Each structure stands twice: as structure tokens, then as C-alpha cells.
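Visitor: File follows, data.cif with mmCIF, C-alpha atoms and all ligand atoms; chains and numbers go by the auth columns:
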data_protein
loop_
_atom_site.group_PDB
_atom_site.id
_atom_site.type_symbol
_atom_site.label_atom_id
_atom_site.label_comp_id
_atom_site.label_asym_id
_atom_site.label_seq_id
_atom_site.Cartn_x
_atom_site.Cartn_y
_atom_site.Cartn_z
_atom_site.B_iso_or_equiv
_atom_site.auth_seq_id
_atom_site.auth_asym_id
ATOM 1 C CA MET A 1 -29.325 -81.890 -59.579 0.00 1 T
ATOM 2 C CA THR A 2 -30.958 -84.520 -61.705 0.00 2 T
ATOM 3 C CA VAL A 3 -31.331 -85.213 -65.393 0.00 3 T
ATOM 4 C CA ARG A 4 -35.087 -85.609 -65.780 0.00 4 T
ATOM 5 C CA ASP A 5 -37.112 -87.335 -68.484 0.00 5 T
ATOM 6 C CA ILE A 6 -38.251 -84.907 -71.183 0.00 6 T
ATOM 7 C CA CYS A 7 -41.946 -85.110 -72.076 0.00 7 T
ATOM 8 C CA SER A 8 -42.721 -85.817 -75.733 0.00 8 T
ATOM 9 C CA ILE A 9 -45.542 -84.380 -77.792 0.00 9 T
ATOM 10 C CA GLY A 10 -48.749 -85.981 -76.512 0.00 10 T
ATOM 11 C CA HIS A 11 -47.831 -85.517 -72.831 0.00 11 T
ATOM 12 C CA PRO A 12 -50.535 -83.348 -71.203 0.00 12 T
ATOM 13 C CA ALA A 13 -47.956 -81.146 -69.399 0.00 13 T
ATOM 14 C CA LEU A 14 -46.879 -79.786 -72.791 0.00 14 T
ATOM 15 C CA ARG A 15 -50.425 -78.532 -73.366 0.00 15 T
ATOM 16 C CA THR A 16 -51.028 -77.137 -69.887 0.00 16 T
ATOM 17 C CA PRO A 17 -50.467 -73.381 -69.522 0.00 17 T
ATOM 18 C CA ALA A 18 -47.910 -73.009 -66.745 0.00 18 T
ATOM 19 C CA ALA A 19 -48.743 -71.115 -63.555 0.00 19 T
ATOM 20 C CA ALA A 20 -46.825 -68.009 -62.497 0.00 20 T
ATOM 21 C CA VAL A 21 -44.355 -68.603 -59.664 0.00 21 T
ATOM 22 C CA PRO A 22 -45.240 -66.418 -56.659 0.00 22 T
ATOM 23 C CA PRO A 23 -42.071 -64.345 -56.023 0.00 23 T
ATOM 24 C CA ALA A 24 -42.103 -65.399 -52.343 0.00 24 T
ATOM 25 C CA GLU A 25 -41.711 -69.022 -53.466 0.00 25 T
ATOM 26 C CA ILE A 26 -38.678 -68.512 -55.718 0.00 26 T
ATOM 27 C CA GLY A 27 -36.286 -69.407 -52.898 0.00 27 T
ATOM 28 C CA SER A 28 -38.226 -72.560 -51.966 0.00 28 T
ATOM 29 C CA PRO A 29 -36.607 -75.992 -52.351 0.00 29 T
ATOM 30 C CA ARG A 30 -39.285 -76.938 -54.920 0.00 30 T
ATOM 31 C CA VAL A 31 -38.573 -74.018 -57.264 0.00 31 T
ATOM 32 C CA GLN A 32 -34.798 -74.217 -56.811 0.00 32 T
ATOM 33 C CA ARG A 33 -34.902 -77.937 -57.589 0.00 33 T
ATOM 34 C CA ILE A 34 -36.894 -77.325 -60.785 0.00 34 T
ATOM 35 C CA VAL A 35 -34.283 -74.737 -61.845 0.00 35 T
ATOM 36 C CA ASP A 36 -31.376 -77.101 -61.114 0.00 36 T
ATOM 37 C CA ASP A 37 -33.058 -79.985 -62.919 0.00 37 T
ATOM 38 C CA LEU A 38 -33.880 -77.823 -65.950 0.00 38 T
ATOM 39 C CA ILE A 39 -30.230 -76.770 -66.299 0.00 39 T
ATOM 40 C CA ASP A 40 -28.961 -80.347 -65.933 0.00 40 T
ATOM 41 C CA THR A 41 -31.552 -81.776 -68.295 0.00 41 T
ATOM 42 C CA MET A 42 -31.031 -79.057 -70.933 0.00 42 T
ATOM 43 C CA ARG A 43 -27.255 -79.555 -70.893 0.00 43 T
ATOM 44 C CA HIS A 44 -27.537 -83.351 -70.941 0.00 44 T
ATOM 45 C CA ALA A 45 -29.816 -83.205 -74.018 0.00 45 T
ATOM 46 C CA ASP A 46 -27.771 -80.493 -75.807 0.00 46 T
ATOM 47 C CA GLY A 47 -30.823 -78.216 -75.804 0.00 47 T
ATOM 48 C CA ALA A 48 -30.604 -74.467 -76.420 0.00 48 T
ATOM 49 C CA GLY A 49 -33.357 -74.005 -73.850 0.00 49 T
ATOM 50 C CA LEU A 50 -35.850 -75.930 -71.777 0.00 50 T
ATOM 51 C CA ALA A 51 -39.170 -74.991 -70.227 0.00 51 T
ATOM 52 C CA ALA A 52 -40.522 -76.469 -67.002 0.00 52 T
ATOM 53 C CA ASN A 53 -43.509 -78.007 -68.835 0.00 53 T
ATOM 54 C CA GLN A 54 -41.047 -80.222 -70.691 0.00 54 T
ATOM 55 C CA ILE A 55 -40.060 -81.968 -67.453 0.00 55 T
ATOM 56 C CA GLY A 56 -43.670 -82.163 -66.299 0.00 56 T
ATOM 57 C CA GLU A 57 -43.628 -79.071 -64.041 0.00 57 T
ATOM 58 C CA THR A 58 -46.250 -76.536 -65.048 0.00 58 T
ATOM 59 C CA ALA A 59 -44.536 -73.491 -63.514 0.00 59 T
ATOM 60 C CA ARG A 60 -43.425 -70.456 -65.518 0.00 60 T
ATOM 61 C CA ILE A 61 -39.690 -71.182 -65.553 0.00 61 T
ATOM 62 C CA VAL A 62 -37.372 -71.498 -68.555 0.00 62 T
ATOM 63 C CA VAL A 63 -33.637 -71.910 -68.915 0.00 63 T
ATOM 64 C CA ILE A 64 -31.663 -70.878 -71.985 0.00 64 T
ATOM 65 C CA GLU A 65 -28.003 -71.458 -72.841 0.00 65 T
ATOM 66 C CA VAL A 66 -26.126 -71.637 -76.129 0.00 66 T
ATOM 67 C CA ASN A 67 -22.417 -72.255 -76.234 0.00 67 T
ATOM 68 C CA GLY A 68 -21.233 -74.082 -79.354 0.00 68 T
ATOM 69 C CA ASN A 69 -24.443 -76.138 -79.463 0.00 69 T
ATOM 70 C CA PRO A 70 -24.076 -79.288 -81.623 0.00 70 T
ATOM 71 C CA ARG A 71 -27.831 -79.400 -82.405 0.00 71 T
ATOM 72 C CA TYR A 72 -27.863 -75.769 -83.568 0.00 72 T
ATOM 73 C CA PRO A 73 -24.299 -74.855 -84.631 0.00 73 T
ATOM 74 C CA TYR A 74 -25.472 -71.592 -86.284 0.00 74 T
ATOM 75 C CA LYS A 75 -26.919 -70.136 -83.048 0.00 75 T
ATOM 76 C CA PRO A 76 -24.906 -67.302 -81.508 0.00 76 T
ATOM 77 C CA PRO A 77 -23.902 -67.872 -77.870 0.00 77 T
ATOM 78 C CA ILE A 78 -26.298 -67.053 -75.024 0.00 78 T
ATOM 79 C CA PRO A 79 -24.994 -67.180 -71.436 0.00 79 T
ATOM 80 C CA LEU A 80 -26.909 -69.425 -69.027 0.00 80 T
ATOM 81 C CA THR A 81 -30.155 -67.615 -68.249 0.00 81 T
ATOM 82 C CA VAL A 82 -32.766 -68.725 -65.711 0.00 82 T
ATOM 83 C CA ALA A 83 -36.015 -66.860 -66.335 0.00 83 T
ATOM 84 C CA ILE A 84 -38.964 -67.061 -63.956 0.00 84 T
ATOM 85 C CA ASN A 85 -42.292 -65.535 -65.031 0.00 85 T
ATOM 86 C CA PRO A 86 -40.817 -64.190 -68.290 0.00 86 T
ATOM 87 C CA GLU A 87 -42.870 -61.595 -70.149 0.00 87 T
ATOM 88 C CA LEU A 88 -42.207 -60.911 -73.814 0.00 88 T
ATOM 89 C CA GLU A 89 -43.038 -57.680 -75.581 0.00 89 T
ATOM 90 C CA VAL A 90 -42.693 -57.493 -79.353 0.00 90 T
ATOM 91 C CA VAL A 91 -40.780 -54.474 -80.682 0.00 91 T
ATOM 92 C CA GLY A 92 -41.441 -53.393 -84.264 0.00 92 T
ATOM 93 C CA ASP A 93 -42.912 -55.647 -86.919 0.00 93 T
ATOM 94 C CA GLU A 94 -39.894 -57.382 -88.430 0.00 94 T
ATOM 95 C CA THR A 95 -40.115 -61.174 -88.654 0.00 95 T
ATOM 96 C CA VAL A 96 -37.781 -63.970 -89.707 0.00 96 T
ATOM 97 C CA VAL A 97 -38.437 -67.577 -90.684 0.00 97 T
ATOM 98 C CA ILE A 98 -36.394 -69.894 -88.450 0.00 98 T
ATOM 99 C CA ASN A 99 -36.161 -73.641 -88.869 0.00 99 T
ATOM 100 C CA GLU A 100 -36.635 -74.883 -85.304 0.00 100 T
ATOM 101 C CA GLY A 101 -36.353 -78.137 -83.438 0.00 101 T
ATOM 102 C CA CYS A 102 -37.587 -79.040 -79.971 0.00 102 T
ATOM 103 C CA LEU A 103 -36.537 -81.657 -77.432 0.00 103 T
ATOM 104 C CA SER A 104 -40.228 -82.606 -77.071 0.00 104 T
ATOM 105 C CA VAL A 105 -40.961 -83.006 -80.791 0.00 105 T
ATOM 106 C CA PRO A 106 -39.109 -85.405 -83.138 0.00 106 T
ATOM 107 C CA LEU A 107 -39.423 -82.963 -86.057 0.00 107 T
ATOM 108 C CA ARG A 108 -38.052 -79.653 -87.276 0.00 108 T
ATOM 109 C CA GLY A 109 -40.046 -77.030 -89.131 0.00 109 T
ATOM 110 C CA ASP A 110 -40.078 -73.424 -90.331 0.00 110 T
ATOM 111 C CA VAL A 111 -41.586 -71.008 -87.803 0.00 111 T
ATOM 112 C CA VAL A 112 -42.139 -67.249 -88.227 0.00 112 T
ATOM 113 C CA ARG A 113 -40.629 -65.341 -85.273 0.00 113 T
ATOM 114 C CA TRP A 114 -40.430 -61.695 -84.254 0.00 114 T
ATOM 115 C CA VAL A 115 -36.915 -60.285 -84.663 0.00 115 T
ATOM 116 C CA ASP A 116 -36.909 -57.793 -81.745 0.00 116 T
ATOM 117 C CA LEU A 117 -38.201 -58.284 -78.219 0.00 117 T
ATOM 118 C CA ARG A 118 -38.171 -56.706 -74.816 0.00 118 T
ATOM 119 C CA VAL A 119 -38.116 -59.380 -72.109 0.00 119 T
ATOM 120 C CA ARG A 120 -38.666 -58.979 -68.398 0.00 120 T
ATOM 121 C CA TYR A 121 -38.086 -61.847 -65.963 0.00 121 T
ATOM 122 C CA LEU A 122 -37.004 -62.769 -62.458 0.00 122 T
ATOM 123 C CA ASP A 123 -33.824 -64.788 -61.918 0.00 123 T
ATOM 124 C CA ARG A 124 -33.473 -67.658 -59.436 0.00 124 T
ATOM 125 C CA HIS A 125 -32.707 -65.170 -56.653 0.00 125 T
ATOM 126 C CA GLY A 126 -35.846 -63.146 -57.390 0.00 126 T
ATOM 127 C CA ALA A 127 -33.984 -60.213 -58.964 0.00 127 T
ATOM 128 C CA GLU A 128 -35.686 -58.549 -61.933 0.00 128 T
ATOM 129 C CA HIS A 129 -33.917 -58.397 -65.290 0.00 129 T
ATOM 130 C CA ARG A 130 -34.739 -56.671 -68.570 0.00 130 T
ATOM 131 C CA VAL A 131 -33.098 -57.748 -71.822 0.00 131 T
ATOM 132 C CA GLU A 132 -33.675 -56.903 -75.476 0.00 132 T
ATOM 133 C CA PRO A 133 -32.920 -60.028 -77.482 0.00 133 T
ATOM 134 C CA ARG A 134 -32.736 -59.927 -81.273 0.00 134 T
ATOM 135 C CA GLY A 135 -32.635 -62.420 -84.101 0.00 135 T
ATOM 136 C CA LEU A 136 -32.105 -66.091 -83.313 0.00 136 T
ATOM 137 C CA THR A 137 -31.772 -65.290 -79.614 0.00 137 T
ATOM 138 C CA ALA A 138 -35.203 -63.637 -79.723 0.00 138 T
ATOM 139 C CA GLY A 139 -36.440 -66.763 -81.526 0.00 139 T
ATOM 140 C CA THR A 140 -35.166 -68.963 -78.701 0.00 140 T
ATOM 141 C CA TRP A 141 -37.007 -66.801 -76.131 0.00 141 T
ATOM 142 C CA GLN A 142 -40.236 -67.062 -78.138 0.00 142 T
ATOM 143 C CA HIS A 143 -39.865 -70.846 -78.480 0.00 143 T
ATOM 144 C CA GLU A 144 -39.306 -71.393 -74.740 0.00 144 T
ATOM 145 C CA CYS A 145 -42.062 -69.001 -73.682 0.00 145 T
ATOM 146 C CA ASP A 146 -44.466 -70.736 -76.109 0.00 146 T
ATOM 147 C CA HIS A 147 -43.933 -73.888 -74.035 0.00 147 T
ATOM 148 C CA LEU A 148 -45.188 -72.044 -70.945 0.00 148 T
ATOM 149 C CA ASP A 149 -48.424 -71.336 -72.825 0.00 149 T
ATOM 150 C CA GLY A 150 -48.801 -74.947 -74.002 0.00 150 T
ATOM 151 C CA VAL A 151 -47.760 -74.113 -77.574 0.00 151 T
ATOM 152 C CA LEU A 152 -45.447 -76.349 -79.644 0.00 152 T
ATOM 153 C CA ILE A 153 -43.579 -75.783 -82.925 0.00 153 T
ATOM 154 C CA THR A 154 -46.033 -78.104 -84.677 0.00 154 T
ATOM 155 C CA ASP A 155 -48.732 -75.474 -83.974 0.00 155 T
ATOM 156 C CA ARG A 156 -46.724 -72.669 -85.556 0.00 156 T
ATOM 157 C CA ALA A 157 -44.726 -74.381 -88.285 0.00 157 T
ATOM 158 C CA ASP A 158 -45.653 -74.315 -91.946 0.00 158 T
ATOM 159 C CA PRO A 159 -46.808 -77.972 -92.186 0.00 159 T
ATOM 160 C CA ALA A 160 -45.134 -78.420 -95.575 0.00 160 T
ATOM 161 C CA THR A 161 -41.748 -77.743 -93.959 0.00 161 T
ATOM 162 C CA LEU A 162 -41.988 -80.363 -91.185 0.00 162 T
ATOM 163 C CA ALA A 163 -39.147 -82.870 -91.445 0.00 163 T
ATOM 164 C CA THR A 164 -37.428 -85.467 -89.330 0.00 164 T
ATOM 165 C CA TRP A 165 -33.927 -84.480 -88.225 0.00 165 T
ATOM 166 C CA GLU A 166 -32.474 -87.026 -90.626 0.00 166 T
ATOM 167 C CA GLU A 167 -34.362 -85.686 -93.658 0.00 167 T
ATOM 168 C CA PHE A 168 -33.712 -82.081 -92.594 0.00 168 T
ATOM 169 C CA GLU A 169 -29.998 -82.776 -92.518 0.00 169 T
ATOM 170 C CA ARG A 170 -30.090 -84.601 -95.824 0.00 170 T
ATOM 171 C CA HIS A 171 -32.205 -82.135 -97.824 0.00 171 T
ATOM 172 C CA HIS A 172 -32.586 -78.751 -96.106 0.00 172 T
ATOM 173 C CA ARG A 173 -29.771 -78.111 -93.638 0.00 173 T
ATOM 174 C CA ASP A 174 -27.214 -76.558 -96.001 0.00 174 T
ATOM 175 C CA ALA A 175 -29.654 -74.062 -97.555 0.00 175 T
ATOM 176 C CA PHE A 176 -31.014 -73.097 -94.138 0.00 176 T
ATOM 177 C CA ILE A 177 -27.572 -72.575 -92.609 0.00 177 T
ATOM 178 C CA GLU A 178 -26.520 -70.456 -95.574 0.00 178 T
ATOM 179 C CA ARG A 179 -29.611 -68.227 -95.289 0.00 179 T
ATOM 180 C CA ILE A 180 -29.634 -67.973 -91.502 0.00 180 T
ATOM 181 C CA SER A 181 -25.887 -67.266 -91.243 0.00 181 T
ATOM 182 C CA LYS A 182 -26.383 -64.179 -93.431 0.00 182 T
ATOM 183 C CA PHE A 183 -29.265 -63.122 -91.200 0.00 183 T
ATOM 184 C CA VAL A 184 -27.173 -63.583 -88.030 0.00 184 T
ATOM 185 C CA GLU A 185 -24.414 -61.490 -89.563 0.00 185 T
ATOM 186 C CA LEU A 186 -26.924 -58.778 -90.415 0.00 186 T
ATOM 187 C CA VAL A 187 -28.688 -58.473 -87.029 0.00 187 T
ATOM 188 C CA GLY A 188 -25.725 -59.495 -84.873 0.00 188 T
ATOM 189 C CA SER A 189 -27.472 -62.315 -83.017 0.00 189 T
HETATM 190 NI NI NI B . -39.031 -76.831 -77.305 0.00 201 T
#
Output the file's structure in the form of C-alpha cells.
Guide:
Amino acid sequence: MTVRDICSIGHPALRTPAAAVPPAEIGSPRVQRIVDDLIDTMRHADGAGLAANQIGETARIVVIEVNGNPRYPYKPPIPLTVAINPELEVVGDETVVINEGCLSVPLRGDVVRWVDLRVRYLDRHGAEHRVEPRGLTAGTWQHECDHLDGVLITDRADPATLATWEEFERHHRDAFIERISKFVELVGS
């Protein structure tokens, strides 16, 4: 396992739609190495998730894990999840504005996300899973799956809300945490 360099906005891999992983190749050394490197790199950078595009691999693989994350202390825990060829289906029409950051973008900004999803994916052993994430966890799934389509938070964010981490923490963090904590309490994730 290796901590890889994370591509920053401007790197072509972040704008390249990732290719589906043929199920027969999930067990291959190449795919298993990408999975291992994604987990290591995500944990090393304190990310809540990481998509393969962000380490320069345009394959449809994301990893997600939240466990007392220092970058996003308000996010409810998510066990380590390796998702290959994830497919998101929106349930209902409820949305929430989430202030998001990204390891590939030196800014945070307000993004509108769907509150309820159905997600189908294959794990690193090729087994199919179905989950129904809600709230901030659903937001994390949408953020990571956007990466697989070459979409970044700067594309979705209200431009007037873009802020460096330093200015976010100085001027916006407290109000956001207060609002989003109530939301998390309400939807349970
Ligand atoms: Ni990101």
C-alpha cells in the first residue's frame, strides 16, 4: 500500500470520466492496488472519501470512510466502504445545502445535494451491495461519484460561497456547523 500524490484542480484526470471496471478484473493486481492506495491516501490526507481520478486512475472506484474526521467533525461515521462501479439513484426530491471541501480543490463551497439515495456497487471482492444513504452520508456519495464523472465542487457550488479553508473557518464555520448539526439530528445521518 502506498500513499499517492493527490491531483489538484487543473489535472486532466479530474476532468476525465472514469471507465467502468469489468467485474472479471476486480481481482487483478492493478485494481486491488488502486483500492489499497486509495484507502492509504484517503486516510493519510484525512479525507472522508477519495475517488480513483484523484490519484490519476480513471477507473470507477471510490473509497469512503468517516470516523471522527478532523476535516469534517460534524460528519456522522461511515465504515470503510470500497465501491466499484457505483450507481446512484435519487429517491424523492428533498435537497440540502452542504458546505463541502475536496482534497483536490483548495476551497470550500455550498453545494446542493439530494438527501436520499439508493446506491448499488461492487466491493473489492466483486460482491454486489445495495445501501440507502441519507443526509451528509448521501452527500459524501454524491461528491465522490461526481469525481468519477469529472465533476468538481467548483462546478456545483454557489460561486458566492467559495472560500479558502482559513476564511471558511474564520467567518462561516460556526454558522454552518450549527445549521448542519440540526439537520444531522433530524435525518439521523
Ligand atoms: Ni473531492
Visitor: Assuming the chain letters and numbering stay as they are in my file, what does the PyMOL selection byres (((not hetatm)) within 7 of (chain T and resi 201)) actually select? List them as a PDB file with C-alpha atoms, in the coordinates of the input.
Guide:
ATOM      1  CA  LEU T  50     -35.850 -75.930 -71.777  1.00  0.00           C
ATOM      2  CA  GLY T 101     -36.353 -78.137 -83.438  1.00  0.00           C
ATOM      3  CA  CYS T 102     -37.587 -79.040 -79.971  1.00  0.00           C
ATOM      4  CA  LEU T 103     -36.537 -81.657 -77.432  1.00  0.00           C
ATOM      5  CA  SER T 104     -40.228 -82.606 -77.071  1.00  0.00           C
ATOM      6  CA  HIS T 143     -39.865 -70.846 -78.480  1.00  0.00           C
ATOM      7  CA  GLU T 144     -39.306 -71.393 -74.740  1.00  0.00           C
ATOM      8  CA  HIS T 147     -43.933 -73.888 -74.035  1.00  0.00           C
ATOM      9  CA  LEU T 152     -45.447 -76.349 -79.644  1.00  0.00           C
TER      10      LEU T 152
END
Visitor: Please provide the set of residues having any atom within 7 Å of His129 of chain T, restricted to only C-alpha atoms, with same-chain residues fewer than 4 positions apart removed, written as an MDAnalysis selection string.
Guide: chainID T and resid 120:122
Visitor: May I have the residues within 7 Å of Ala19 of chain T as a list in words, using all atoms listed in the file and disregarding those fewer than 6 positions away in the same chain?
Guide: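 Residues meeting the cut-off are Thr58, Ala59 and Arg60 of chain T.
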Visitor: Name the residues that the PyMOL selection byres (((chain T and resi 52) around 12) and not hetatm) pulls out of this structure, and write them as a ChimeraX atom specification.
Guide: /T:4-7,13-21,31-39,41-42,49-51,53-64,82-85,104,144-150
Visitor: Using atom CA of Gly126 of chain T and atom CA of Asn69 of chain T as the two end points, give the distance in Å to one decimal.
Guide: 28.0 Å
Visitor: Pick the closest to Ala157 of chain T from T:Ala175, T:Val111, T:Ile180, T:Ala127: which is it, counting only C-alpha atoms?
Guide: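 Among T:Ala175, T:Val111, T:Ile180, T:Ala127, it is T:Val111 that comes nearest to Ala157 of chain T.
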Visitor: The PyMOL selection byres (((chain T and resi 163) around 12) and not hetatm) - which residues does that actually catch in the file I just gave you? List them as number ranges by chain.
Guide: T: 99-101, 105-110, 153-154, 157-162, 164-173
Visitor: Write out as JSON lines the residues of segment 67-171 of chain T that have any atom within 10 Å of an atom of segment 183-187 of chain T, one row each with the nearest atom pair and its distance in Å to one decimal, counting only C-alpha atoms, sorted by chain and then rising number.
Guide:
{"residue": "T:Tyr74", "atom": "CA", "partner": "T:Val184", "partner_atom": "CA", "distance": 8.4}
{"residue": "T:Lys75", "atom": "CA", "partner": "T:Val184", "partner_atom": "CA", "distance": 8.2}
{"residue": "T:Pro76", "atom": "CA", "partner": "T:Val184", "partner_atom": "CA", "distance": 7.8}
{"residue": "T:Val96", "atom": "CA", "partner": "T:Phe183", "partner_atom": "CA", "distance": 8.7}
{"residue": "T:Val115", "atom": "CA", "partner": "T:Val187", "partner_atom": "CA", "distance": 8.8}
{"residue": "T:Asp116", "atom": "CA", "partner": "T:Val187", "partner_atom": "CA", "distance": 9.8}
{"residue": "T:Arg134", "atom": "CA", "partner": "T:Val187", "partner_atom": "CA", "distance": 7.2}
{"residue": "T:Gly135", "atom": "CA", "partner": "T:Val187", "partner_atom": "CA", "distance": 6.3}
{"residue": "T:Leu136", "atom": "CA", "partner": "T:Val184", "partner_atom": "CA", "distance": 7.3}
{"residue": "T:Thr137", "atom": "CA", "partner": "T:Val184", "partner_atom": "CA", "distance": 9.7}
Visitor: For a test of reading the model, state the distance in Å between atom CA of Pro23 of chain T and atom CA of Gln142 of chain T, rounded to one decimal.
Guide: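 Interatomic distance here is 22.4 Å.
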Visitor: So that all listed atoms of segment 61-65 of chain T fit with 6 Å spare on each side, what axis-aligned box centre and edge lengths in Å, to one decimal, would you give as AutoDock Vina command-line options?
Guide:
--center_x -33.8 --center_y -71.4 --center_z -69.2 --size_x 23.7 --size_y 13.0 --size_z 19.3
Visitor: Would you mind telling me which residue in T:Asp123, T:Ala48, T:Arg156, T:Thr140 lies nearest to Arg71 of chain T when using only C-alpha atoms?
Guide: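 Using only C-alpha atoms, Arg71 of chain T sits closest to T:Ala48.
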